[in-house]
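Novice: If you scroll down you'll find the structure; I have some questions about it.
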Amino acid sequence: MGGQRGFVVWLTGLSGAGKSTIATGLAAELQGRGYPVEVLDGDEVRQHLSKGLGFSRADRNTNVERIAYVAKLLAKHGVVVITAAISPYREARARARQEIGEFVEVYVNCPLEVCAARDVKGLYKKAMAGEIPAFTGVSDPYEEPEQPEITVFTDRETPAESVTRIVRQLEEMQYVRGAVVEAV
C-alpha cells in the first residue's frame with residue numbers, strides 16, 4: 001500500500017493476559033486488509049534484542065526503550081507495528097509514546113488470578129512461592145495505564161472479540177480503513 005502511514009499498537013498487561021494471542025490475531029486481521037505488519041513480542045525481543053537484561057526497573061525500562069526504538073523505525077517506513085510486552089511502568093510507556101508519536105496504547109486487562117490459572121509455564125506458582133524474584137504483578141508492580149486508547153478484558157472476551165474491538169478503535173482513530181464488503 002503506497003503512502004501507508006505506520007503506527008504502533010502497544011499491548012500492555014500482565015504475563016498471561018493474552019497480549020501475544022491478541023497480537024497474532026490483530027496482525028492477521030490487518031494483514032488481511034493489506035497492511036504491512038510486524039509483531040514485536042516481548043518474549044522474543046528479550047531473547048534476541050535484550051539478551052542479558054535482567055528484571056530490575058532499569059533493565060525493564062531499557063527493554064521498553066529498545067522495543068520503542070525498533071517500533072519507531074518500522075512505523076517510519078509505513079509498517080503497522082504491534083508490540084506485545086508487559087511494559088509494567090507508566091513512565092516507560094509514556095516515553096515510548098513520546099518517542100514513537102503514532103502510538104495506540106491497548107491495556108490487555110485480566111485479573112491476576114485468571115493470568116495465574118492460564119500460566120502453562122508455572123511462573124506465577126514459582127513467583128508466589130518466592131522462587132522468582134521481581135515478578136510483575138506478584139512481587140513487582142504493574143502500573144495500569146491511566147488513559148489507554150482502548151482496554152480489552154480478556155477474562156470476559158474471546159481473543160476474536162478483543163481484536164474486533166481494537167480494530168474498531170483503530171478505524172475510529174482513522175489509522176485503518178473499514179473492512180471492504182464485497183457486493184454479492
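We label chains A, B, ... in the order they appear in the C-alpha cells, count residues from 1 in each chain, and number ligands from 1 in the order shown.
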I need the residues in segment 1-183 of chain A that are alpha helix (DSSP H) according to DSSP; give them as a PDB file with C-alpha atoms, in the first residue's frame.
Specialist:
ATOM      1  CA  LYS A  19      -1.097  -9.969  24.671  1.00  0.00           C
ATOM      2  CA  SER A  20       0.637 -12.394  22.292  1.00  0.00           C
ATOM      3  CA  THR A  21      -2.618 -14.094  21.288  1.00  0.00           C
ATOM      4  CA  ILE A  22      -4.253 -10.746  20.566  1.00  0.00           C
ATOM      5  CA  ALA A  23      -1.149  -9.514  18.712  1.00  0.00           C
ATOM      6  CA  THR A  24      -1.262 -12.574  16.438  1.00  0.00           C
ATOM      7  CA  GLY A  25      -4.980 -12.138  15.734  1.00  0.00           C
ATOM      8  CA  LEU A  26      -4.671  -8.398  15.164  1.00  0.00           C
ATOM      9  CA  ALA A  27      -1.715  -8.911  12.822  1.00  0.00           C
ATOM     10  CA  ALA A  28      -3.694 -11.444  10.759  1.00  0.00           C
ATOM     11  CA  GLU A  29      -6.693  -9.100  10.535  1.00  0.00           C
ATOM     12  CA  LEU A  30      -4.615  -6.111   9.434  1.00  0.00           C
ATOM     13  CA  GLN A  31      -2.514  -8.162   7.001  1.00  0.00           C
ATOM     14  CA  GLY A  32      -5.761  -9.465   5.525  1.00  0.00           C
ATOM     15  CA  GLY A  42       8.195  -9.227  24.444  1.00  0.00           C
ATOM     16  CA  ASP A  43       9.493 -12.778  24.937  1.00  0.00           C
ATOM     17  CA  GLU A  44      11.176 -12.816  21.513  1.00  0.00           C
ATOM     18  CA  VAL A  45      12.646  -9.323  21.959  1.00  0.00           C
ATOM     19  CA  ARG A  46      14.151 -10.414  25.279  1.00  0.00           C
ATOM     20  CA  GLN A  47      15.796 -13.418  23.596  1.00  0.00           C
ATOM     21  CA  HIS A  48      17.226 -11.527  20.624  1.00  0.00           C
ATOM     22  CA  ARG A  57      13.228  -1.477  36.942  1.00  0.00           C
ATOM     23  CA  ALA A  58      16.158  -0.036  34.945  1.00  0.00           C
ATOM     24  CA  ASP A  59      16.510  -3.187  32.818  1.00  0.00           C
ATOM     25  CA  ARG A  60      12.768  -3.380  32.173  1.00  0.00           C
ATOM     26  CA  ASN A  61      12.787   0.272  31.095  1.00  0.00           C
ATOM     27  CA  THR A  62      15.775  -0.377  28.814  1.00  0.00           C
ATOM     28  CA  ASN A  63      13.861  -3.250  27.238  1.00  0.00           C
ATOM     29  CA  VAL A  64      10.861  -0.969  26.592  1.00  0.00           C
ATOM     30  CA  GLU A  65      13.177   1.699  25.123  1.00  0.00           C
ATOM     31  CA  ARG A  66      14.650  -0.869  22.710  1.00  0.00           C
ATOM     32  CA  ILE A  67      11.218  -2.064  21.643  1.00  0.00           C
ATOM     33  CA  ALA A  68      10.099   1.550  21.142  1.00  0.00           C
ATOM     34  CA  TYR A  69      13.189   2.338  19.048  1.00  0.00           C
ATOM     35  CA  VAL A  70      12.657  -0.600  16.698  1.00  0.00           C
ATOM     36  CA  ALA A  71       8.909   0.077  16.531  1.00  0.00           C
ATOM     37  CA  LYS A  72       9.536   3.722  15.633  1.00  0.00           C
ATOM     38  CA  LEU A  73      11.916   2.757  12.818  1.00  0.00           C
ATOM     39  CA  LEU A  74       9.446   0.297  11.337  1.00  0.00           C
ATOM     40  CA  ALA A  75       6.494   2.692  11.671  1.00  0.00           C
ATOM     41  CA  LYS A  76       8.518   5.436   9.999  1.00  0.00           C
ATOM     42  CA  ARG A  90       3.754   4.049  33.125  1.00  0.00           C
ATOM     43  CA  GLU A  91       6.810   6.275  32.819  1.00  0.00           C
ATOM     44  CA  ALA A  92       8.490   3.929  30.318  1.00  0.00           C
ATOM     45  CA  ARG A  93       5.294   3.609  28.276  1.00  0.00           C
ATOM     46  CA  ALA A  94       4.916   7.405  28.272  1.00  0.00           C
ATOM     47  CA  ARG A  95       8.469   7.749  26.954  1.00  0.00           C
ATOM     48  CA  ALA A  96       7.704   5.142  24.275  1.00  0.00           C
ATOM     49  CA  ARG A  97       4.595   7.115  23.277  1.00  0.00           C
ATOM     50  CA  GLN A  98       6.611  10.323  23.069  1.00  0.00           C
ATOM     51  CA  GLU A  99       9.407   8.629  21.087  1.00  0.00           C
ATOM     52  CA  ILE A 100       7.067   6.953  18.604  1.00  0.00           C
ATOM     53  CA  LEU A 112      -4.051 -11.723  38.322  1.00  0.00           C
ATOM     54  CA  GLU A 113      -5.839 -14.909  39.399  1.00  0.00           C
ATOM     55  CA  VAL A 114      -7.002 -15.581  35.820  1.00  0.00           C
ATOM     56  CA  CYS A 115      -3.481 -14.966  34.460  1.00  0.00           C
ATOM     57  CA  ALA A 116      -2.081 -17.344  37.091  1.00  0.00           C
ATOM     58  CA  ALA A 117      -4.656 -20.008  36.188  1.00  0.00           C
ATOM     59  CA  ARG A 118      -3.693 -19.725  32.484  1.00  0.00           C
ATOM     60  CA  LEU A 123       5.824 -18.926  36.506  1.00  0.00           C
ATOM     61  CA  TYR A 124       3.116 -17.477  38.757  1.00  0.00           C
ATOM     62  CA  LYS A 125       3.268 -20.518  41.043  1.00  0.00           C
ATOM     63  CA  LYS A 126       7.042 -20.118  41.349  1.00  0.00           C
ATOM     64  CA  ALA A 127       6.738 -16.362  41.875  1.00  0.00           C
ATOM     65  CA  MET A 128       4.082 -16.784  44.563  1.00  0.00           C
ATOM     66  CA  PRO A 159      -9.450 -13.129  21.615  1.00  0.00           C
ATOM     67  CA  ALA A 160     -11.510 -12.534  18.449  1.00  0.00           C
ATOM     68  CA  GLU A 161     -13.804 -10.113  20.308  1.00  0.00           C
ATOM     69  CA  SER A 162     -10.795  -8.226  21.683  1.00  0.00           C
ATOM     70  CA  VAL A 163      -9.251  -7.998  18.207  1.00  0.00           C
ATOM     71  CA  THR A 164     -12.543  -6.737  16.754  1.00  0.00           C
ATOM     72  CA  ARG A 165     -12.791  -4.030  19.418  1.00  0.00           C
ATOM     73  CA  ILE A 166      -9.181  -2.927  18.785  1.00  0.00           C
ATOM     74  CA  VAL A 167      -9.755  -2.785  15.024  1.00  0.00           C
ATOM     75  CA  ARG A 168     -12.896  -0.680  15.547  1.00  0.00           C
ATOM     76  CA  GLN A 169     -10.881   1.715  17.695  1.00  0.00           C
ATOM     77  CA  LEU A 170      -8.178   1.927  15.000  1.00  0.00           C
ATOM     78  CA  GLU A 171     -10.904   2.683  12.446  1.00  0.00           C
ATOM     79  CA  GLU A 172     -12.366   5.409  14.686  1.00  0.00           C
TER      80      GLU A 172
END
Novice: What is the distance, in Å and to one decimal place, between atom CA of Phe7 of chain A and atom CA of Phe153 of chain A?
Specialist: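 For atom CA of Phe7 of chain A relative to atom CA of Phe153 of chain A, the distance reads 22.9 Å.
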Novice: Please report the interatomic distance between atom CA of His77 of chain A and atom CA of Leu40 of chain A in Å with one decimal.
Specialist: 15.6 Å
Novice: Tell me, as a VMD selection string, which residues lie within 8 Å of Glu38 of chain A, counting only C-alpha atoms; anything in the same chain fewer than 5 positions away does not count.
Specialist: chain A and resid 27 79 to 82
Novice: Got time to write the residues from that selection, C-alpha atoms, as a PDB file, in the first residue's frame?
Specialist:
ATOM      1  CA  ALA A  27      -1.715  -8.911  12.822  1.00  0.00           C
ATOM      2  CA  VAL A  79       4.693  -0.588   8.869  1.00  0.00           C
ATOM      3  CA  VAL A  80       1.953  -1.238  11.413  1.00  0.00           C
ATOM      4  CA  VAL A  81       3.855  -2.421  14.470  1.00  0.00           C
ATOM      5  CA  ILE A  82       2.140  -4.417  17.188  1.00  0.00           C
TER       6      ILE A  82
END
Novice: So that I can check the secondary structure, give me every residue of segment 27-164 of chain A assigned strand (DSSP E or B) by backbone DSSP, as a list in words.
Specialist: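 Across segment 27-164 of chain A, those assigned strand (DSSP E or B) are Val37, Glu38, Val39, Leu40, Asp41, Val80, Val81, Ile82, Thr83, Ala84, Phe103, Val104, Glu105, Val106, Tyr107, Val108, Asn109, Thr136, Asp140, Ile150, Thr151, Val152 and Phe153 of chain A.
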